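Everything below belongs to upload.pdb, which stores PDB, C-alpha atoms, pLDDT in the B column.
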MODEL        1
ATOM      1  CA  MET A   1      21.261  -0.521-280.034  1.00 93.00           C
ATOM      2  CA  ASN A   2      22.320  -3.427-277.834  1.00 95.00           C
ATOM      3  CA  ILE A   3      22.834  -2.850-274.128  1.00 95.00           C
ATOM      4  CA  SER A   4      24.527  -4.896-271.438  1.00 96.00           C
ATOM      5  CA  VAL A   5      23.062  -4.364-267.971  1.00 95.00           C
ATOM      6  CA  LEU A   6      25.747  -4.765-265.319  1.00 94.00           C
ATOM      7  CA  MET A   7      24.857  -5.752-261.753  1.00 94.00           C
ATOM      8  CA  SER A   8      26.677  -7.131-258.736  1.00 95.00           C
ATOM      9  CA  VAL A   9      25.104  -9.086-255.879  1.00 97.00           C
ATOM     10  CA  TYR A  10      26.598 -10.217-252.582  1.00 96.00           C
ATOM     11  CA  HIS A  11      25.362 -12.289-249.645  1.00 96.00           C
ATOM     12  CA  ARG A  12      23.859  -9.407-247.634  1.00 95.00           C
ATOM     13  CA  GLU A  13      21.425  -8.351-250.371  1.00 93.00           C
ATOM     14  CA  LYS A  14      17.738  -8.980-249.708  1.00 92.00           C
ATOM     15  CA  ALA A  15      16.195 -11.590-252.000  1.00 96.00           C
ATOM     16  CA  GLU A  16      12.928  -9.631-252.281  1.00 91.00           C
ATOM     17  CA  TYR A  17      14.803  -6.538-253.528  1.00 89.00           C
ATOM     18  CA  LEU A  18      16.727  -8.563-256.089  1.00 95.00           C
ATOM     19  CA  ASP A  19      13.449 -10.105-257.232  1.00 94.00           C
ATOM     20  CA  GLN A  20      11.901  -6.652-257.729  1.00 90.00           C
ATOM     21  CA  ALA A  21      15.003  -5.421-259.559  1.00 91.00           C
ATOM     22  CA  LEU A  22      15.044  -8.331-262.009  1.00 97.00           C
ATOM     23  CA  GLU A  23      11.290  -8.094-262.510  1.00 95.00           C
ATOM     24  CA  SER A  24      11.675  -4.436-263.507  1.00 91.00           C
ATOM     25  CA  LEU A  25      14.310  -5.424-266.083  1.00 94.00           C
ATOM     26  CA  ARG A  26      11.939  -8.020-267.480  1.00 96.00           C
ATOM     27  CA  TRP A  27       9.386  -5.314-268.294  1.00 95.00           C
ATOM     28  CA  GLN A  28      11.704  -2.884-270.070  1.00 94.00           C
ATOM     29  CA  THR A  29      10.300  -1.560-273.357  1.00 96.00           C
ATOM     30  CA  HIS A  30      13.848  -1.881-274.746  1.00 97.00           C
ATOM     31  CA  SER A  31      15.107  -5.253-273.584  1.00 96.00           C
ATOM     32  CA  PRO A  32      18.763  -5.584-272.644  1.00 97.00           C
ATOM     33  CA  ALA A  33      20.796  -7.920-274.852  1.00 98.00           C
ATOM     34  CA  GLU A  34      22.395  -9.345-271.715  1.00 98.00           C
ATOM     35  CA  VAL A  35      22.286  -8.969-267.951  1.00 98.00           C
ATOM     36  CA  VAL A  36      25.778  -9.523-266.580  1.00 97.00           C
ATOM     37  CA  LEU A  37      25.270 -10.431-262.941  1.00 98.00           C
ATOM     38  CA  VAL A  38      28.426 -10.735-260.858  1.00 97.00           C
ATOM     39  CA  GLU A  39      28.007 -12.900-257.768  1.00 98.00           C
ATOM     40  CA  ASP A  40      30.503 -11.187-255.478  1.00 97.00           C
ATOM     41  CA  GLY A  41      31.474 -14.203-253.364  1.00 98.00           C
ATOM     42  CA  PRO A  42      29.113 -16.975-252.253  1.00 98.00           C
ATOM     43  CA  ILE A  43      25.576 -15.541-252.240  1.00 98.00           C
ATOM     44  CA  GLY A  44      23.544 -18.281-250.589  1.00 96.00           C
ATOM     45  CA  SER A  45      20.569 -20.280-251.787  1.00 97.00           C
ATOM     46  CA  GLU A  46      17.866 -17.589-251.464  1.00 98.00           C
ATOM     47  CA  LEU A  47      19.559 -15.114-253.788  1.00 98.00           C
ATOM     48  CA  SER A  48      20.632 -17.911-256.109  1.00 98.00           C
ATOM     49  CA  LYS A  49      17.023 -19.126-256.417  1.00 98.00           C
ATOM     50  CA  VAL A  50      15.835 -15.635-257.338  1.00 98.00           C
ATOM     51  CA  ILE A  51      18.428 -15.412-260.110  1.00 98.00           C
ATOM     52  CA  SER A  52      17.561 -18.903-261.367  1.00 98.00           C
ATOM     53  CA  ARG A  53      13.867 -17.955-261.639  1.00 98.00           C
ATOM     54  CA  TYR A  54      14.733 -15.184-264.100  1.00 98.00           C
ATOM     55  CA  GLU A  55      17.217 -17.070-266.264  1.00 97.00           C
ATOM     56  CA  SER A  56      14.447 -18.200-268.611  1.00 97.00           C
ATOM     57  CA  SER A  57      12.988 -14.692-269.098  1.00 97.00           C
ATOM     58  CA  LEU A  58      16.132 -12.542-269.004  1.00 98.00           C
ATOM     59  CA  PRO A  59      19.460 -13.073-270.804  1.00 98.00           C
ATOM     60  CA  ILE A  60      21.360 -13.467-267.531  1.00 98.00           C
ATOM     61  CA  LYS A  61      25.073 -14.170-267.636  1.00 98.00           C
ATOM     62  CA  ARG A  62      26.107 -15.261-264.126  1.00 98.00           C
ATOM     63  CA  ILE A  63      29.690 -14.506-263.115  1.00 98.00           C
ATOM     64  CA  PRO A  64      30.407 -16.247-259.786  1.00 98.00           C
ATOM     65  CA  LEU A  65      33.431 -15.082-257.800  1.00 98.00           C
ATOM     66  CA  SER A  66      34.932 -17.357-255.154  1.00 97.00           C
ATOM     67  CA  GLU A  67      35.262 -14.523-252.622  1.00 97.00           C
ATOM     68  CA  ASN A  68      33.787 -11.090-251.991  1.00 96.00           C
ATOM     69  CA  ILE A  69      36.022  -8.435-253.575  1.00 93.00           C
ATOM     70  CA  GLY A  70      33.784  -5.377-253.183  1.00 90.00           C
ATOM     71  CA  LEU A  71      31.427  -3.547-255.510  1.00 87.00           C
ATOM     72  CA  GLY A  72      33.927  -1.586-257.600  1.00 83.00           C
ATOM     73  CA  ALA A  73      36.225  -4.548-258.217  1.00 87.00           C
ATOM     74  CA  ALA A  74      33.285  -6.886-258.918  1.00 90.00           C
ATOM     75  CA  LEU A  75      31.935  -4.458-261.491  1.00 87.00           C
ATOM     76  CA  ARG A  76      35.353  -4.228-263.116  1.00 86.00           C
ATOM     77  CA  VAL A  77      35.325  -8.037-263.479  1.00 91.00           C
ATOM     78  CA  GLY A  78      31.781  -7.918-264.843  1.00 92.00           C
ATOM     79  CA  THR A  79      32.735  -5.282-267.404  1.00 90.00           C
ATOM     80  CA  GLU A  80      35.026  -7.808-269.070  1.00 91.00           C
ATOM     81  CA  TYR A  81      32.010 -10.076-269.690  1.00 96.00           C
ATOM     82  CA  CYS A  82      29.863  -7.336-271.238  1.00 95.00           C
ATOM     83  CA  THR A  83      29.721  -7.790-275.012  1.00 96.00           C
ATOM     84  CA  CYS A  84      27.552  -4.825-276.047  1.00 96.00           C
ATOM     85  CA  ASP A  85      28.640  -1.331-277.071  1.00 94.00           C
ATOM     86  CA  TRP A  86      26.774   0.200-274.111  1.00 93.00           C
ATOM     87  CA  ILE A  87      26.757  -0.791-270.453  1.00 92.00           C
ATOM     88  CA  ALA A  88      23.881   0.261-268.215  1.00 91.00           C
ATOM     89  CA  ARG A  89      24.564   0.161-264.476  1.00 89.00           C
ATOM     90  CA  PHE A  90      21.879  -1.163-262.202  1.00 85.00           C
ATOM     91  CA  ASP A  91      21.929  -2.108-258.521  1.00 86.00           C
ATOM     92  CA  THR A  92      20.251  -5.202-257.149  1.00 89.00           C
ATOM     93  CA  ASP A  93      18.019  -3.106-254.901  1.00 83.00           C
ATOM     94  CA  ASP A  94      16.872  -0.730-257.669  1.00 83.00           C
ATOM     95  CA  ILE A  95      13.760  -0.741-259.797  1.00 83.00           C
ATOM     96  CA  CYS A  96      13.859   0.526-263.373  1.00 82.00           C
ATOM     97  CA  LEU A  97      10.874   2.381-264.724  1.00 83.00           C
ATOM     98  CA  PRO A  98       9.667   0.493-267.837  1.00 89.00           C
ATOM     99  CA  HIS A  99      11.014   3.069-270.324  1.00 90.00           C
ATOM    100  CA  ARG A 100      14.427   3.653-268.761  1.00 88.00           C
ATOM    101  CA  LEU A 101      16.551   1.833-271.341  1.00 92.00           C
ATOM    102  CA  GLN A 102      14.362   2.905-274.267  1.00 94.00           C
ATOM    103  CA  ARG A 103      14.671   6.583-273.375  1.00 91.00           C
ATOM    104  CA  GLN A 104      18.417   6.298-272.882  1.00 90.00           C
ATOM    105  CA  VAL A 105      18.808   4.495-276.225  1.00 93.00           C
ATOM    106  CA  GLU A 106      16.733   7.158-277.981  1.00 93.00           C
ATOM    107  CA  TYR A 107      18.847   9.933-276.492  1.00 90.00           C
ATOM    108  CA  LEU A 108      22.121   8.197-277.352  1.00 92.00           C
ATOM    109  CA  SER A 109      20.934   7.577-280.930  1.00 93.00           C
ATOM    110  CA  GLN A 110      20.180  11.281-281.333  1.00 92.00           C
ATOM    111  CA  HIS A 111      23.440  12.380-279.670  1.00 89.00           C
ATOM    112  CA  PRO A 112      26.236  10.167-281.041  1.00 88.00           C
ATOM    113  CA  ASN A 113      28.985  12.183-279.299  1.00 86.00           C
ATOM    114  CA  VAL A 114      27.704  11.245-275.841  1.00 84.00           C
ATOM    115  CA  ASP A 115      29.749   8.588-274.039  1.00 82.00           C
ATOM    116  CA  LEU A 116      28.115   8.736-270.626  1.00 80.00           C
ATOM    117  CA  LEU A 117      24.476   9.423-269.849  1.00 79.00           C
ATOM    118  CA  GLY A 118      22.693   9.790-266.542  1.00 75.00           C
ATOM    119  CA  ALA A 119      19.092  10.246-265.458  1.00 68.00           C
ATOM    120  CA  SER A 120      17.026  11.446-262.541  1.00 62.00           C
ATOM    121  CA  ILE A 121      16.044   8.917-259.904  1.00 56.00           C
ATOM    122  CA  LEU A 122      13.218   8.449-257.428  1.00 53.00           C
ATOM    123  CA  GLU A 123      14.164   7.211-253.967  1.00 52.00           C
ATOM    124  CA  PHE A 124      11.770   5.342-251.721  1.00 49.00           C
ATOM    125  CA  GLU A 125      11.884   3.769-248.283  1.00 59.00           C
ATOM    126  CA  HIS A 126       9.133   1.154-248.290  1.00 56.00           C
ATOM    127  CA  SER A 127       7.098   1.278-251.498  1.00 55.00           C
ATOM    128  CA  PRO A 128       8.136   2.266-255.033  1.00 53.00           C
ATOM    129  CA  GLU A 129       4.649   3.702-255.475  1.00 58.00           C
ATOM    130  CA  GLN A 130       5.428   6.272-252.761  1.00 53.00           C
ATOM    131  CA  PRO A 131       8.802   7.871-253.530  1.00 46.00           C
ATOM    132  CA  GLN A 132      10.196  10.190-250.864  1.00 46.00           C
ATOM    133  CA  TYR A 133      12.699  12.015-253.078  1.00 46.00           C
ATOM    134  CA  ARG A 134      13.257  12.852-256.722  1.00 47.00           C
ATOM    135  CA  ARG A 135      16.943  13.394-257.433  1.00 50.00           C
ATOM    136  CA  GLU A 136      17.385  15.540-260.514  1.00 51.00           C
ATOM    137  CA  VAL A 137      20.538  15.701-262.576  1.00 50.00           C
ATOM    138  CA  PRO A 138      22.732  17.377-261.397  1.00 51.00           C
ATOM    139  CA  GLU A 139      22.016  17.622-257.707  1.00 48.00           C
ATOM    140  CA  ARG A 140      24.757  16.021-255.653  1.00 51.00           C
ATOM    141  CA  SER A 141      26.335  14.122-258.512  1.00 50.00           C
ATOM    142  CA  PRO A 142      25.753  14.526-262.250  1.00 57.00           C
ATOM    143  CA  PHE A 143      25.463  10.739-262.545  1.00 58.00           C
ATOM    144  CA  TRP A 144      23.502   8.402-260.310  1.00 56.00           C
ATOM    145  CA  MET A 145      25.259   5.087-260.707  1.00 62.00           C
ATOM    146  CA  SER A 146      21.978   3.154-260.784  1.00 64.00           C
ATOM    147  CA  ALA A 147      20.718   5.200-263.749  1.00 65.00           C
ATOM    148  CA  ALA A 148      23.938   5.639-265.750  1.00 73.00           C
ATOM    149  CA  ILE A 149      24.789   4.144-269.107  1.00 75.00           C
ATOM    150  CA  ILE A 150      28.295   4.372-270.538  1.00 81.00           C
ATOM    151  CA  SER A 151      30.070   3.483-273.756  1.00 81.00           C
ATOM    152  CA  ALA A 152      31.779   0.116-273.276  1.00 84.00           C
ATOM    153  CA  LEU A 153      34.741   1.302-275.367  1.00 81.00           C
ATOM    154  CA  ILE A 154      35.286   4.313-273.122  1.00 75.00           C
ATOM    155  CA  LEU A 155      34.769   2.312-269.953  1.00 74.00           C
ATOM    156  CA  LYS A 156      37.159  -0.448-270.948  1.00 74.00           C
ATOM    157  CA  THR A 157      39.899   1.967-272.027  1.00 72.00           C
ATOM    158  CA  THR A 158      39.653   4.524-269.201  1.00 64.00           C
ATOM    159  CA  THR A 159      40.780   3.806-265.672  1.00 55.00           C
ATOM    160  CA  CYS A 160      40.687   5.950-262.588  1.00 49.00           C
ATOM    161  CA  GLY A 161      43.961   4.630-261.260  1.00 37.00           C
ATOM    162  CA  ARG A 162      42.361   2.306-258.729  1.00 42.00           C
ATOM    163  CA  GLY A 163      41.469  -0.667-260.881  1.00 45.00           C
ATOM    164  CA  CYS A 164      37.777  -0.367-260.032  1.00 46.00           C
ATOM    165  CA  TRP A 165      34.656   0.273-262.056  1.00 48.00           C
ATOM    166  CA  PRO A 166      33.988   4.014-262.226  1.00 50.00           C
ATOM    167  CA  LEU A 167      30.272   3.786-261.474  1.00 46.00           C
ATOM    168  CA  GLY A 168      30.834   1.765-258.321  1.00 46.00           C
ATOM    169  CA  SER A 169      30.473   3.574-255.032  1.00 46.00           C
ATOM    170  CA  GLY A 170      34.145   3.040-254.166  1.00 39.00           C
ATOM    171  CA  CYS A 171      35.521   4.961-257.141  1.00 42.00           C
ATOM    172  CA  PRO A 172      34.703   8.661-257.527  1.00 42.00           C
ATOM    173  CA  ILE A 173      35.207   8.949-261.301  1.00 41.00           C
ATOM    174  CA  TRP A 174      33.100  12.084-261.336  1.00 37.00           C
ATOM    175  CA  LEU A 175      35.617  13.842-259.104  1.00 36.00           C
ATOM    176  CA  SER A 176      38.707  12.472-260.780  1.00 40.00           C
ATOM    177  CA  ARG A 177      40.121  14.902-263.310  1.00 34.00           C
ATOM    178  CA  TYR A 178      42.095  12.078-264.936  1.00 33.00           C
ATOM    179  CA  CYS A 179      38.996  10.004-265.570  1.00 41.00           C
ATOM    180  CA  LEU A 180      36.819  12.882-266.702  1.00 41.00           C
ATOM    181  CA  CYS A 181      39.511  13.971-269.159  1.00 36.00           C
ATOM    182  CA  GLY A 182      39.641  10.414-270.464  1.00 39.00           C
ATOM    183  CA  LEU A 183      35.880  10.436-270.981  1.00 40.00           C
ATOM    184  CA  MET A 184      35.866  13.852-272.664  1.00 39.00           C
ATOM    185  CA  ARG A 185      38.750  13.203-275.061  1.00 36.00           C
ATOM    186  CA  ARG A 186      36.615  11.380-277.583  1.00 36.00           C
TER     187      ARG A 186
ENDMDL
END
Please, can you express the file's structure as structure tokens?
Amino acid sequence: MNISVLMSVYHREKAEYLDQALESLRWQTHSPAEVVLVEDGPIGSELSKVISRYESSLPIKRIPLSENIGLGAALRVGTEYCTCDWIARFDTDDICLPHRLQRQVEYLSQHPNVDLLGASILEFEHSPEQPQYRREVPERSPFWMSAAIISALILKTTTCGRGCWPLGSGCPIWLSRYCLCGLMRR
């Protein structure tokens, strides 16, 4: 099963966090077919250098935008560049455990009627080795955007009426009856 990983970066991101995020993608036991990385406006040389360092070890597809349009809109643009049947969301300040994509692929293979899949997350302040919180599914939201994977077909044919990507923080797809109905219709 091929997976597109979708990320968005903007100028205020920390280069060290982006570096850790991309490094964690590099060590996935199920490698993504592509990493669609939207540059939401000019990102500066530090962030650009981090991305360039990983272009030889990850299938990065850079999508530069001339101006910052916000996370949800940037992800919507990035969705159009995703070519795989599944799109995994991942923030530039997140770290994936090595088996994240493999476990999600295994679950999706065993449950072909699933269009959207979430996972628990660990939150940390300073060191990933010392997480402060474990957020189970469901706790506050049934889907943590940084651990969600969604069918590209469903994502590209379902809108929440705002023209944004449903797993972006600016678009509460999980609370929108219209969107949830669109996801459950299949």
Show me a table, sorted first by chain and then by increasing residue number, of the residues of range 38-133 of chain A having an atom at most 7 Å from range 20-29 of chain A, each with its shortest atom pair and the distance in Å to one decimal, counting all atoms listed in the file and written as a Markdown table.
| residue | atom | partner | partner_atom | distance |
| --- | --- | --- | --- | --- |
| A:Ser57 | CA | A:Arg26 | CA | 6.9 |
| A:Leu58 | CA | A:Arg26 | CA | 6.4 |
| A:Thr92 | CA | A:Ala21 | CA | 5.8 |
| A:Asp93 | CA | A:Ala21 | CA | 6.0 |
| A:Asp94 | CA | A:Ala21 | CA | 5.4 |
| A:Ile95 | CA | A:Ala21 | CA | 4.8 |
| A:Cys96 | CA | A:Ser24 | CA | 5.4 |
| A:Leu97 | CA | A:Ser24 | CA | 7.0 |
| A:Pro98 | CA | A:Gln28 | CA | 4.5 |
| A:His99 | CA | A:Thr29 | CA | 5.6 |
| A:Leu101 | CA | A:Gln28 | CA | 6.9 |
| A:Gln102 | CA | A:Thr29 | CA | 6.1 |
Which of A:Ala15, A:Leu65, A:Ile3, A:Cys84 sits closest to Arg100 in chain A [using all atoms listed in the file]: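 Comparing A:Ala15, A:Leu65, A:Ile3, A:Cys84 against Arg100 in chain A, the winner is A:Ile3.
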Distance CA of Cys82 in chain A-CA of Ile51 in chain A, one decimal place?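 One can read the CA of Cys82 in chain A to CA of Ile51 in chain A distance as 17.9 Å.
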Let me know the residues the PyMOL selection byres ((chain A and resi 75) around 8) catches in the file above, as a list in words. Leu6, Met7, Ser8, Val38, Leu71, Gly72, Ala73, Ala74, Arg76, Val77, Gly78, Thr79, Cys164, Trp165 and Gly168 of chain A
Find the residues near Glu55 in chain A: any atom within 10 Å, counting all atoms listed in the file, skip ones fewer than 5 places away on the same chain, and give them as an mmCIF file with C-alpha atoms, keeping the file's coordinate frame.
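Output file out-v2.cif follows:
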data_model
loop_
_atom_site.group_PDB
_atom_site.id
_atom_site.type_symbol
_atom_site.label_atom_id
_atom_site.label_comp_id
_atom_site.auth_asym_id
_atom_site.auth_seq_id
_atom_site.Cartn_x
_atom_site.Cartn_y
_atom_site.Cartn_z
ATOM 1 C CA LEU A 22 15.044 -8.331 -262.009
ATOM 2 C CA VAL A 35 22.286 -8.969 -267.951
ATOM 3 C CA VAL A 50 15.835 -15.635 -257.338
ATOM 4 C CA ILE A 60 21.360 -13.467 -267.531
ATOM 5 C CA LYS A 61 25.073 -14.170 -267.636
ATOM 6 C CA ARG A 62 26.107 -15.261 -264.126
#
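CA of Glu34 in chain A is found 19.0 Å from CA of Leu116 in chain A.
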Nearest residue to Gly44 in chain A from the set A:Asp85, A:Glu106, A:Asp91, A:Glu13 (distances using only C-alpha atoms): A:Glu13
